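Q: Dropping a structure here in structure tokens format, bear with me for questions.
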Protein chains: 2
Amino acid sequence: MTRLLFLVILFFATLAEAAPLWMDFDSSGGTRVTVKGRVKSPILDTAVRELALHYDGDVTIDLKSDKSLGRDGFAISETPGGITITASKPQGALYGAYRLLRNVKAGYPAASGRSVPAYGLRILNHWDNLDGTVERGYAGKSLWKWEELPATVSPRYEEYARACASVGINAAVLNNVNASSRILSAEYLEKVAALADVMRPYGIAVCLSVNFASPVQLDSLPTADPLDPAVARWWKRKADEIYRLVPDFGGFLVKANSEGQPGPMDYGRTHAEGANMLARALKPHGGIVMWRAFVYSPLDEDRAKQAYLEFQPLDGAFDPNVIVQIKNGPIDFQPREPYSPLFGAMPSTPQMVEFQITQEYLGHANHLAYLAPMWTEFYDYVAPESIVASSGVANIGDSECLTGNPMAQANWFAFGELSWDPHATPAEIADEWLRLSVYRRDAAPDAAVHDALMSMMLDSREAVVDYMMPMGLHHIFAFGHHYGPEPWCDVPGARADWLPRYYHRADSAGLGFDRSPSGSDAVGQYPEPLRSRLSSIETCPEEFLLWFHHVPWDYTMPSGMTMWEQLCASYQRGVDKVAGFQRVWDMAEPVVIPGLYADVRGRLMTQMRDAEWWRDACLLYFSQYSGRPIPLDIPRPVHTLDDMRAVNLGITNFESPAPQLLNKAR
Amino acid sequence: MTRLLFLVILFFATLAEAAPLWMDFDSSGGTRVTVKGRVKSPILDTAVRELALHYDGDVTIDLKSDKSLGRDGFAISETPGGITITASKPQGALYGAYRLLRNVKAGYPAASGRSVPAYGLRILNHWDNLDGTVERGYAGKSLWKWEELPATVSPRYEEYARACASVGINAAVLNNVNASSRILSAEYLEKVAALADVMRPYGIAVCLSVNFASPVQLDSLPTADPLDPAVARWWKRKADEIYRLVPDFGGFLVKANSEGQPGPMDYGRTHAEGANMLARALKPHGGIVMWRAFVYSPLDEDRAKQAYLEFQPLDGAFDPNVIVQIKNGPIDFQPREPYSPLFGAMPSTPQMVEFQITQEYLGHANHLAYLAPMWTEFYDYVAPESIVASSGVANIGDSECLTGNPMAQANWFAFGELSWDPHATPAEIADEWLRLSVYRRDAAPDAAVHDALMSMMLDSREAVVDYMMPMGLHHIFAFGHHYGPEPWCDVPGARADWLPRYYHRADSAGLGFDRSPSGSDAVGQYPEPLRSRLSSIETCPEEFLLWFHHVPWDYTMPSGMTMWEQLCASYQRGVDKVAGFQRVWDMAEPVVIPGLYADVRGRLMTQMRDAEWWRDACLLYFSQYSGRPIPLDIPRPVHTLDDMRAVNLGITNFESPAPQLLNKAR
């Protein structure tokens with residue numbers, strides 16, 4: 001019943017140079033790994049190889065099967081005789097193997113008991129275009145070299161899959177939700193299959209974003225109406241074709257009738273009719289449809305209300321293999337949003353959350369922003385058990401460290417961890433990531449340095465909130481690229497709901513968007529007692545005050561300051577926090593990997609200057625409306641409003657501005 | 001014996017718009033001015049007109065003659081019947097008139113007793129070129145519109161003369177010491193005469209910088225050898241020509257054998273032989289020669305020693321109507337220099353000081369730097385009585401406020417005040433200037449605001465020292481324009497003594513120029529007991545430490561800090577001071593003239609960012625040599641060394657970088 005495998009694996013150079021820092025495990029030649037059970041799978045082979053290569057010790061590691069550890073779960077136990085990883089499936093064994101390697105590298109106890117993921121689907125969304133650009137990508141070009149595939153397979157694909165698997169990620173949508181139909185062409189499906197072959201041994205299921213008009217665009221069908229039998233047939237044949245090439249294909253992600261994308265409503269059909277048609281094509285193969293709820297019309301009164309208005313009535317109309325994928329907040333990945341009220345409002349419909357790992361509104365690759373606190377904040381409002389899956393818009397590209405800013409690796413890592421266990425704390429995750437990724441092997445940090453770095457990580461997103469959107473003052477980012485401040489932004493002909501004034505509504509009376517019952521009543525979409533709490537300016541949490549209310553400049557805050565004074569103090573607090581991060585980072589220099597130290601030091605300089613830019617832009621701009629001076633205990637602006645209004649970074653939505661560009665612009 | 005004049009003067013619009021702020025006196029129609037004495041002079045007419053126009057009160061002002069008030073002195077007394085200004089000469093009456101108007105505007109008592117200037121010559125040096133550029137000029141183009149003269153005479157010439165007279169300045173060298181021979185051509189002398197005509201009623205004597213090779217360049221003489229009789233004749237004829245056009249012409253200023261300018265040493269003659277030849281041409285007309293001692297050779301070991309080495313042996317060799325004009329310090333107008341040891345070292349030679357009012361090394365028109373403390377510091381070492389005249393390199397151009405930065409008017413004002421009374425304190429001068437220039441007429445400042453502005457003014461030059469040349473670390477300015485930091489500067493082929501490394505001498509051992517007896521022994525040029533005090537690292541004043549010593553990085557300062565730590569703290573102190581100036585300025589907004597407030601607020605923003613630029617550039621650069629990190633209590637750099645090294649402002653020596661240029665460069 002037991003088969004013993006002795007594996008002799010040639011030592012090969014690790015690919016650590018291109019891998020995330022947390023994957024830089026030690027190498028070893030001396031570990032014996034045995035597999036107890038009847039399973040034979042490439043995933044199990046991966047687990048065995050990883051342990052044999054990287055578990056440093058003269059020990060036997062047993063991989064055992066135990067079906068009681070449902071889903072992808074595992075358990076690690078240690079006895080005097082060795083270490084046992086128990087799992088129900090090969091994938092569980094792989095996760096257990098990485099958990100063990102991470103425990104060792106982080107200096108944690110090897111054994112860590114039973115661990116079962118909260119969600120069966122833990123998926124990255126790549127907004128990668130077929131031309132190699134990445135929408136909202138700040139880590140270089142796409143990792144996928146479509147033009148080389150399928151003939152040439154970059155070793156970086158495997159590094160990517162390995163890093164994902166090490167934090168429990170088990171699926172990836174390879175292409176942008178603003179999808180090109182070409183991804184479904186025979187030519188591109190061959191490329192997709194080649195990528196799937198690389199990812200299979202790491203348990204990563206490949207998925208694709210599809211353009212709803214694909215039948216029209218790709219094969220000249222006269223319509224893409226989901227109720228047209230020819231259209232349904234087209235999709236069924238396409239699904240069959242995909243599964244012939246990729247038997248473990250995961251499914252489709254769809255952005256339909258949103259920001260100009262085609263969809264079922266073009267033909268008078270509902271989102272459900274469109275999604276179900278696709279779902280039925282995939283169902284025979286076990287595939288799913290992830291249908292995005294990110295919709296808003298320029299005609300409605302309050303963008304924040306529209307996903308709810310459009311989707312909530314469809315509750316119960318979706319097929320079982322459709323999941324409605326909802327952004328965490330009702331607008332668009334702001335540094336802080338209240339949760340989207342669509343969560344919990346469709347009890348008969350499977351829902352999944354869409355987080356954004358890439359820092360579209362959080363300083364791109366230049367700013368330090370550890371996002372786990374943002375995501376656990378979401379779970380403070382939305383019970384993890386109420387959704388069925390977790391997706392994250394990836395921050396990955398072909399830059400050397402894969403994420404542009406090496407500190408942003410922490411967000412890829414944390415997304416995996418929280419998709420596995422939404423009850424994990426940001427501190428637990430940061431503690432491990434720092435120990436795995438940041439420290440030199442020859443210089444362990446003392447407790448003071450580690451604690452300071454922990455504080456830096458845990459406060460980093462709040463710092464960004466302080467200087468980009470204090471008190472819920474949202475979406476005043478530069479047009480297009482969303483990098484710097486543009487509260488004054490006015491683009492002739494642009495949709496009103498793409499312009500900052502739509503959101504901040506500054507006037508001589510006050511500041512903020514009135515979404516109370518006397519305003520747009522967006523609060524009415526939230527359940528009681530939260531609805532009442534948000535409705536009143538007195539009980540609305542301070543961090544959402546200007547999100548839900550138009551607040552008088554002289555309104556007295558709980559702190560005793562006026563709203564204007566507290567706004568000013570918040571911007572400065574953000575600046576001060578970044579100054580503190582710079583200091584912590586320099587304090588940690590002796591224990592930080594030298595290349596990492598130098599890289600991040602430069603980024604913190606940029607962040608510091610950006611934080612002052614945000615403070616100056618917003619305070620000088622809004623003081624025109626408040627009619628009040630910036631309190632004298634706030635450091636004075638160092639940029640004139642005219643100079644800041646003249647800033648035009650001239651960057652695309654596919655890049656992070658280089659420090660040199662920022663130096664020249666500001 | 002007494003002639004009574006009743007003057008009825010048509011009211012004319014004041015030219016206040018273009019005048020310095022301190023000249024914005026009230027207008028009046030009701031004052032009666034009488035002149036008691038036999039004098040009839042255009043200068044006296046000016047005094048009468050100024051009082052009649054601007055003394056606001058139904059009162060009689062008597063102008064009386066009293067020869068006991070030697071030189072240009074005056075006295076103001078007040079009786080129930082009126083006010084009496086007593087003077088020995090018309091010029092004294094004019095100074096008394098302005099003193100009275102200033103007293104009234106500043107809110108001081110009208111009467112202010114007897115006042116006699118320390119020096120008979122109080123002269124501005126304009127480094128204005130004939131093409132309209134101004135070397136080291138940061139206030140636009142030259143005020144003199146040579147191409148329009150003599151046909152068109154700008155009303156701004158009179159505004160200039162009036163402002164000079166109001167602070168006792170009585171002479172002006174119109175053109176750059178790097179002189180074009182053309183200034184002595186018949187064509188240009190006519191233009192000079194037209195300017196002299198404007199200045200005469202204000203008691204301003206016109207002088208010219210002359211090129212020593214003028215006979216060769218202008219009239220093709222084969223030589224400019226001062227001992228050649230033909231050359232001497234040429235100069236004599238030229239002097240006669242000048243005096244025919246300008247009977248009260250003041251004399252020549254000469255930069256000879258310095259930085260490439262021609263001079264007597266080109267012919268094997270001494271400075272004295274050259275100067276005396278010119279002096280003899282002027283003597284019949286009462287003119288003088290101001291012969292500059294600003295000389296240094298690229299071949300000598302220490303530039304700081306060279307003026308002394310070249311001039312001191314010539315003591316007693318100069319004719320009586322030659323004055324040797326010496327820069328206050330031995331190098332070149334650094335934010336802080338020890339006094340030039342040439343002062344006091346030529347007991348048989350008249351000497352005069354050359355201050356620089358224009359801020360060549362103090363942030364051009366962008367930085368606030370009230371220079372009176374720099375000049376009184378000079379007089380702490382050099383007894384005012386030991387020199388015979390005071391000159392200042394003007395900061396005046398055709399910008400609206402005449403000085404580029406309106407706050408720099410204070411330096412023009414202070415130069416006049418200290419040339420009149422070198423024992424005046426910077427605080428007295430600043431107090432009056434603020435009251436005359438800064439406050440709105442409708443909003444008197446309370447004591448707290450006035451005191452804060454006083455502190456700002458009095459500390460402003462020290463702030464610049466802190467962030468540009470702490471502890472005597474000098475001449476690490478950008479090549480050419482001398483605006484920003486370039487401690488790393490290396491220009492292939494440039495003279496060594498034009499490059500920062502020549503001065504800072506940073507190496508792994510320490511920092512600073514060893515001018516002690518074991519080094520260049522420049523200290524040996526100073527008299528005892530100062531010589532000994534400067535010679536020892538233990539007794540050398542801290543502000544000159546790196547000027548005179550190469551100091552180990554870990555040398556313990558009196559503060560207990562190491563030299564490196566104190567250097568870091570000094571740069572930051574400068575940054576902090578500028579932040580404080582910004583705050584004071586914003587605090588004062590309600591009482592400051594609005595246009596002035598807005599203008600200076602923008603400049604302070606630039607200064608703040610420049611101060612951080614200096615801090616970052618110098619600390620990151622020198623930390624490469626110190627091998628020590630920047631102490632963690634100092635805010636971290638916000639610029640990388642690479643970015644700063646790449647800065648190239650691309651400006652000429654005739655301009656101040658615009659904030660927009662700096663925004664783009666840094």
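Lettering and numbering for the structure tokens are positional, with chains as A, B, ... in the shown order, residues counted from 1 in each chain, and ligands counted from 1 in the shown order.
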Neighbouring residues of Ala646 (chain A) were defined as those with any atom within 12 Å, considering only C-alpha atoms; residues of the same chain fewer than 4 positions away were excluded. Please report them as an MDAnalysis selection string.

A: (chainID A and resid 478 485:486 488:489 617 639:642 650 664:666) or (chainID B and resid 660 663:664)

Q: Restricting it to all heavy atoms, dump the selection as a short mmCIF file (atom, residue, chain, number, x, y, z; two decimals), in the first residue's frame.

A:
```cif
data_model
loop_
_atom_site.label_atom_id
_atom_site.label_comp_id
_atom_site.auth_asym_id
_atom_site.auth_seq_id
_atom_site.Cartn_x
_atom_site.Cartn_y
_atom_site.Cartn_z
N ALA A 478 -5.25 62.40 -10.26
CA ALA A 478 -5.02 62.91 -11.62
C ALA A 478 -5.80 62.06 -12.61
O ALA A 478 -5.95 60.85 -12.46
CB ALA A 478 -3.53 62.87 -11.95
N PRO A 485 -2.15 64.30 -7.22
CA PRO A 485 -3.38 65.01 -6.86
C PRO A 485 -3.87 65.92 -7.99
O PRO A 485 -3.07 66.61 -8.62
CB PRO A 485 -2.93 65.86 -5.67
CG PRO A 485 -1.47 66.12 -5.93
CD PRO A 485 -0.93 64.90 -6.65
N GLU A 486 -5.14 65.90 -8.23
CA GLU A 486 -5.75 66.85 -9.17
C GLU A 486 -7.16 67.22 -8.74
O GLU A 486 -8.12 67.02 -9.49
CB GLU A 486 -5.79 66.28 -10.61
CG GLU A 486 -4.53 66.47 -11.40
CD GLU A 486 -4.63 66.02 -12.85
OE1 GLU A 486 -5.75 65.82 -13.35
OE2 GLU A 486 -3.56 65.85 -13.46
N TRP A 488 -8.54 69.85 -8.79
CA TRP A 488 -9.05 70.88 -9.69
C TRP A 488 -9.39 70.33 -11.07
O TRP A 488 -9.90 71.07 -11.91
CB TRP A 488 -7.98 71.96 -9.86
CG TRP A 488 -6.65 71.35 -10.22
CD1 TRP A 488 -6.25 70.84 -11.42
CD2 TRP A 488 -5.57 71.11 -9.32
NE1 TRP A 488 -4.99 70.30 -11.33
CE2 TRP A 488 -4.54 70.47 -10.06
CE3 TRP A 488 -5.35 71.39 -7.95
CZ2 TRP A 488 -3.32 70.07 -9.48
CZ3 TRP A 488 -4.13 71.01 -7.38
CH2 TRP A 488 -3.14 70.36 -8.14
N CYS A 489 -9.12 69.06 -11.29
CA CYS A 489 -9.14 68.49 -12.64
C CYS A 489 -10.43 68.77 -13.38
O CYS A 489 -11.53 68.59 -12.86
CB CYS A 489 -8.92 66.98 -12.55
SG CYS A 489 -9.04 66.15 -14.14
N ALA A 617 -1.12 70.40 -2.62
CA ALA A 617 -2.14 70.53 -3.67
C ALA A 617 -3.53 70.60 -3.05
O ALA A 617 -4.33 71.48 -3.37
CB ALA A 617 -2.05 69.36 -4.64
N HIS A 639 4.99 74.13 -2.55
CA HIS A 639 4.66 74.24 -3.97
C HIS A 639 3.54 75.27 -4.11
O HIS A 639 2.63 75.29 -3.28
CB HIS A 639 4.11 72.93 -4.55
CG HIS A 639 4.92 71.71 -4.27
ND1 HIS A 639 4.90 71.04 -3.06
CD2 HIS A 639 5.77 71.02 -5.05
CE1 HIS A 639 5.69 70.01 -3.13
NE2 HIS A 639 6.25 69.96 -4.31
N THR A 640 3.60 76.05 -5.18
CA THR A 640 2.47 76.93 -5.43
C THR A 640 1.38 76.15 -6.16
O THR A 640 1.65 75.18 -6.88
CB THR A 640 2.86 78.14 -6.30
OG1 THR A 640 3.19 77.67 -7.61
CG2 THR A 640 4.05 78.89 -5.70
N LEU A 641 0.15 76.60 -5.98
CA LEU A 641 -0.96 75.94 -6.65
C LEU A 641 -0.79 76.01 -8.17
O LEU A 641 -1.04 75.03 -8.87
CB LEU A 641 -2.26 76.62 -6.20
CG LEU A 641 -3.57 75.88 -6.45
CD1 LEU A 641 -3.55 74.45 -5.94
CD2 LEU A 641 -4.73 76.65 -5.81
N ASP A 642 -0.33 77.14 -8.65
CA ASP A 642 -0.13 77.28 -10.10
C ASP A 642 0.86 76.25 -10.62
O ASP A 642 0.64 75.63 -11.65
CB ASP A 642 0.37 78.70 -10.44
CG ASP A 642 -0.76 79.71 -10.37
OD1 ASP A 642 -1.94 79.30 -10.31
OD2 ASP A 642 -0.46 80.91 -10.37
N GLY A 650 2.19 63.07 -18.12
CA GLY A 650 2.25 62.51 -19.48
C GLY A 650 2.55 61.03 -19.52
O GLY A 650 3.26 60.56 -20.41
N LYS A 664 11.24 66.18 -12.27
CA LYS A 664 11.16 67.23 -13.27
C LYS A 664 9.78 67.88 -13.30
O LYS A 664 9.64 69.02 -13.70
CB LYS A 664 11.49 66.67 -14.65
CG LYS A 664 12.96 66.29 -14.75
CD LYS A 664 13.46 66.34 -16.17
CE LYS A 664 14.89 65.84 -16.24
NZ LYS A 664 15.78 66.52 -15.29
N ALA A 665 8.76 67.10 -12.90
CA ALA A 665 7.40 67.60 -13.05
C ALA A 665 6.98 68.49 -11.89
O ALA A 665 6.30 69.48 -12.08
CB ALA A 665 6.43 66.43 -13.18
N ARG A 666 7.38 68.10 -10.69
CA ARG A 666 6.86 68.82 -9.53
C ARG A 666 7.65 70.07 -9.23
O ARG A 666 8.85 70.04 -9.14
CB ARG A 666 6.90 67.92 -8.29
CG ARG A 666 5.75 66.98 -8.21
CD ARG A 666 6.00 66.05 -7.07
NE ARG A 666 7.38 65.62 -7.04
CZ ARG A 666 7.79 64.48 -6.57
NH1 ARG A 666 6.94 63.63 -6.10
NH2 ARG A 666 9.06 64.17 -6.56
N GLN B 660 10.10 77.77 -11.49
CA GLN B 660 9.65 76.71 -12.39
C GLN B 660 10.83 75.89 -12.90
O GLN B 660 10.75 74.67 -13.02
CB GLN B 660 8.87 77.30 -13.58
CG GLN B 660 7.52 77.93 -13.20
CD GLN B 660 7.67 79.26 -12.47
OE1 GLN B 660 8.71 79.90 -12.56
NE2 GLN B 660 6.64 79.67 -11.75
N ASN B 663 11.89 73.72 -10.08
CA ASN B 663 10.95 72.62 -9.92
C ASN B 663 11.27 71.50 -10.89
O ASN B 663 11.17 70.32 -10.56
CB ASN B 663 9.51 73.10 -10.16
CG ASN B 663 9.02 73.99 -9.04
OD1 ASN B 663 9.63 74.04 -7.97
ND2 ASN B 663 7.93 74.70 -9.27
N LYS B 664 11.63 71.89 -12.09
CA LYS B 664 11.89 70.87 -13.11
C LYS B 664 13.26 70.23 -12.94
O LYS B 664 13.47 69.09 -13.34
CB LYS B 664 11.78 71.49 -14.50
CG LYS B 664 10.35 71.87 -14.83
CD LYS B 664 10.10 71.89 -16.32
CE LYS B 664 8.70 72.42 -16.61
NZ LYS B 664 7.66 71.73 -15.86
#
```

Q: Which residues of chain A come within 9 Å of chain B, and for each one, what is the closest pair of atoms and their distance in Å to one decimal, counting only C-alpha atoms, sorted by chain and residue number, as JSON lines?

A:
```
{"residue": "A:Ala579", "atom": "CA", "partner": "B:Pro635", "partner_atom": "CA", "distance": 6.8}
{"residue": "A:Gly580", "atom": "CA", "partner": "B:Pro635", "partner_atom": "CA", "distance": 8.5}
{"residue": "A:Gln582", "atom": "CA", "partner": "B:Arg636", "partner_atom": "CA", "distance": 6.1}
{"residue": "A:Arg583", "atom": "CA", "partner": "B:Leu632", "partner_atom": "CA", "distance": 6.3}
{"residue": "A:Val584", "atom": "CA", "partner": "B:Leu632", "partner_atom": "CA", "distance": 8.7}
{"residue": "A:Asp586", "atom": "CA", "partner": "B:Leu632", "partner_atom": "CA", "distance": 7.6}
{"residue": "A:Met587", "atom": "CA", "partner": "B:Leu632", "partner_atom": "CA", "distance": 7.0}
{"residue": "A:Gly602", "atom": "CA", "partner": "B:Thr640", "partner_atom": "CA", "distance": 6.7}
{"residue": "A:Leu604", "atom": "CA", "partner": "B:Val638", "partner_atom": "CA", "distance": 7.9}
{"residue": "A:Met605", "atom": "CA", "partner": "B:Val638", "partner_atom": "CA", "distance": 4.3}
{"residue": "A:Thr606", "atom": "CA", "partner": "B:Val638", "partner_atom": "CA", "distance": 6.8}
{"residue": "A:Gln607", "atom": "CA", "partner": "B:Val638", "partner_atom": "CA", "distance": 8.7}
{"residue": "A:Met608", "atom": "CA", "partner": "B:Val638", "partner_atom": "CA", "distance": 6.7}
{"residue": "A:Arg609", "atom": "CA", "partner": "B:Val638", "partner_atom": "CA", "distance": 6.7}
{"residue": "A:Pro629", "atom": "CA", "partner": "B:Asp586", "partner_atom": "CA", "distance": 8.8}
{"residue": "A:Leu632", "atom": "CA", "partner": "B:Arg583", "partner_atom": "CA", "distance": 6.3}
{"residue": "A:Asp633", "atom": "CA", "partner": "B:Arg583", "partner_atom": "CA", "distance": 8.2}
{"residue": "A:Ile634", "atom": "CA", "partner": "B:Arg583", "partner_atom": "CA", "distance": 8.6}
{"residue": "A:Pro635", "atom": "CA", "partner": "B:Ala579", "partner_atom": "CA", "distance": 6.8}
{"residue": "A:Arg636", "atom": "CA", "partner": "B:Gln582", "partner_atom": "CA", "distance": 6.1}
{"residue": "A:Pro637", "atom": "CA", "partner": "B:Met605", "partner_atom": "CA", "distance": 6.8}
{"residue": "A:Val638", "atom": "CA", "partner": "B:Met605", "partner_atom": "CA", "distance": 4.3}
{"residue": "A:His639", "atom": "CA", "partner": "B:Met605", "partner_atom": "CA", "distance": 6.3}
{"residue": "A:Thr640", "atom": "CA", "partner": "B:Gly602", "partner_atom": "CA", "distance": 6.7}
{"residue": "A:Asp643", "atom": "CA", "partner": "B:Gln660", "partner_atom": "CA", "distance": 7.2}
{"residue": "A:Pro659", "atom": "CA", "partner": "B:Asp643", "partner_atom": "CA", "distance": 8.9}
{"residue": "A:Gln660", "atom": "CA", "partner": "B:Asp643", "partner_atom": "CA", "distance": 7.2}
{"residue": "A:Leu661", "atom": "CA", "partner": "B:Lys664", "partner_atom": "CA", "distance": 8.9}
{"residue": "A:Leu662", "atom": "CA", "partner": "B:Lys664", "partner_atom": "CA", "distance": 8.6}
{"residue": "A:Asn663", "atom": "CA", "partner": "B:Arg666", "partner_atom": "CA", "distance": 5.6}
{"residue": "A:Lys664", "atom": "CA", "partner": "B:Lys664", "partner_atom": "CA", "distance": 3.7}
{"residue": "A:Ala665", "atom": "CA", "partner": "B:Lys664", "partner_atom": "CA", "distance": 5.6}
{"residue": "A:Arg666", "atom": "CA", "partner": "B:Asn663", "partner_atom": "CA", "distance": 5.6}
```

Q: Those same residues, written as a PDB file, in the first residue's frame with C-alpha atoms?

A:
```
ATOM      1  CA  ALA A 579       9.215  60.775   7.212  1.00  0.00           C
ATOM      2  CA  GLY A 580       9.019  58.171   9.959  1.00  0.00           C
ATOM      3  CA  GLN A 582      12.303  56.830   5.943  1.00  0.00           C
ATOM      4  CA  ARG A 583      13.860  56.896   9.372  1.00  0.00           C
ATOM      5  CA  VAL A 584      12.853  53.320  10.194  1.00  0.00           C
ATOM      6  CA  ASP A 586      17.565  53.811   7.478  1.00  0.00           C
ATOM      7  CA  MET A 587      17.626  52.467  11.031  1.00  0.00           C
ATOM      8  CA  GLY A 602      15.012  55.773  -3.166  1.00  0.00           C
ATOM      9  CA  LEU A 604      10.684  56.386   0.081  1.00  0.00           C
ATOM     10  CA  MET A 605      12.338  59.645  -1.000  1.00  0.00           C
ATOM     11  CA  THR A 606       9.889  59.867  -3.870  1.00  0.00           C
ATOM     12  CA  GLN A 607       7.007  58.988  -1.582  1.00  0.00           C
ATOM     13  CA  MET A 608       8.064  61.704   0.854  1.00  0.00           C
ATOM     14  CA  ARG A 609       8.047  64.333  -1.847  1.00  0.00           C
ATOM     15  CA  PRO A 629      -5.823  79.621   6.208  1.00  0.00           C
ATOM     16  CA  LEU A 632       0.121  77.728  11.526  1.00  0.00           C
ATOM     17  CA  ASP A 633       1.103  74.520  13.299  1.00  0.00           C
ATOM     18  CA  ILE A 634       1.144  72.774   9.902  1.00  0.00           C
ATOM     19  CA  PRO A 635       4.397  73.091   7.934  1.00  0.00           C
ATOM     20  CA  ARG A 636       3.867  75.572   5.146  1.00  0.00           C
ATOM     21  CA  PRO A 637       3.363  74.512   1.531  1.00  0.00           C
ATOM     22  CA  VAL A 638       6.465  74.182  -0.609  1.00  0.00           C
ATOM     23  CA  HIS A 639       4.661  74.235  -3.969  1.00  0.00           C
ATOM     24  CA  THR A 640       2.465  76.932  -5.427  1.00  0.00           C
ATOM     25  CA  ASP A 643       2.961  75.096 -10.332  1.00  0.00           C
ATOM     26  CA  PRO A 659      11.349  59.366  -9.900  1.00  0.00           C
ATOM     27  CA  GLN A 660      13.291  61.358 -12.461  1.00  0.00           C
ATOM     28  CA  LEU A 661      10.043  62.253 -14.208  1.00  0.00           C
ATOM     29  CA  LEU A 662       8.487  63.304 -10.918  1.00  0.00           C
ATOM     30  CA  ASN A 663      11.547  65.355 -10.038  1.00  0.00           C
ATOM     31  CA  LYS A 664      11.157  67.234 -13.268  1.00  0.00           C
ATOM     32  CA  ALA A 665       7.396  67.603 -13.051  1.00  0.00           C
ATOM     33  CA  ARG A 666       6.858  68.819  -9.529  1.00  0.00           C
TER      34      ARG A 666
END
```

Q: Tell me, as JSON, numbers by chain, which residues lie within 12 Å of Pro558 (chain A), counting only C-alpha atoms; anything in the same chain fewer than 2 positions away does not count.

A: {"A": [537, 538, 539, 540, 541, 542, 545, 555, 556, 560, 561, 562, 563, 566]}

Q: Could you name the residues that touch Asn257 (chain A) at 12 Å or less, counting only C-alpha atoms, but leaving out those on the same chain fewer than 5 positions away, as a PyMOL selection string?

A: chain A and resi 177-178+211-213+262-271+274-275+291-297+307+310

Q: Within 8 Å of region 516-525 of chain B, counting only C-alpha atoms, which residues qualify if same-chain residues fewer than 2 places away don't, as a list in words?

A: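 Answer for this query is Glu301, Asp302, Ala304, Lys305, Tyr308, Pro341, Leu342, Asp514, Pro527, Arg531, Ser532, Leu534, Ser535, Ser536, Phe548 and His549 of chain B.
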
Q: Those same residues - C-alpha atoms - I'd like them written as a short mmCIF file (atom, residue, chain, number, x, y, z; two decimals), in the first residue's frame.

A:
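Writing the result to selection.cif gives the following:
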```cif
data_model
loop_
_atom_site.label_atom_id
_atom_site.label_comp_id
_atom_site.auth_asym_id
_atom_site.auth_seq_id
_atom_site.Cartn_x
_atom_site.Cartn_y
_atom_site.Cartn_z
CA GLU B 301 48.96 77.30 -3.12
CA ASP B 302 46.05 79.02 -1.37
CA ALA B 304 42.87 82.99 0.32
CA LYS B 305 46.41 84.32 0.72
CA TYR B 308 47.60 89.97 0.71
CA PRO B 341 43.76 90.12 6.32
CA LEU B 342 44.73 92.84 3.88
CA ASP B 514 44.11 73.40 6.45
CA PRO B 527 47.66 89.85 13.46
CA ARG B 531 46.44 84.58 14.49
CA SER B 532 47.00 82.20 17.36
CA LEU B 534 42.65 80.86 14.39
CA SER B 535 45.72 78.61 14.24
CA SER B 536 44.53 76.10 16.77
CA PHE B 548 41.05 77.17 8.60
CA HIS B 549 41.35 73.48 9.47
#
```

Q: What lies within 7 Å of region 18-22 of chain B using only C-alpha atoms, ignoring chain neighbours under 2 positions off, as a ChimeraX atom specification?

A: /B:15-16,24,159,400-402,409,433,436-437

Q: Quick one: everything within 6 Å of region 124-127 of chain A, counting only C-alpha atoms, minus sequence neighbours fewer than 3 positions away in the same chain. Send it as an MDAnalysis selection string.

A: chainID A and resid 134:135 172:176 391:394

Q: DSSP on the backbone: what in region 257-466 of chain A comes out strand (DSSP E), as a ChimeraX atom specification?

A: /A:288-292,322-327,351-356,389-393

Q: Suppose you want the space between CA of Ile429 (chain B) and CA of Ala414 (chain B); what is it in Å?

A: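 Pair CA of Ile429 (chain B) / CA of Ala414 (chain B) returns 6.3 Å.
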
Q: For each of A:Leu434, A:Met407, A:Leu63, A:Val465, take the minimum atom-to-atom distance to Leu596 (chain A), counting only C-alpha atoms, then give the residue where this is smallest.

A: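 Looking at the shortest contact to Leu596 (chain A), the residue is A:Met407.
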
Q: Hey, which of A:Ile183, A:Ile387, A:Ile593, A:Ile331 ends up closest to Arg441 (chain A)? Count only C-alpha atoms.

A: A:Ile593
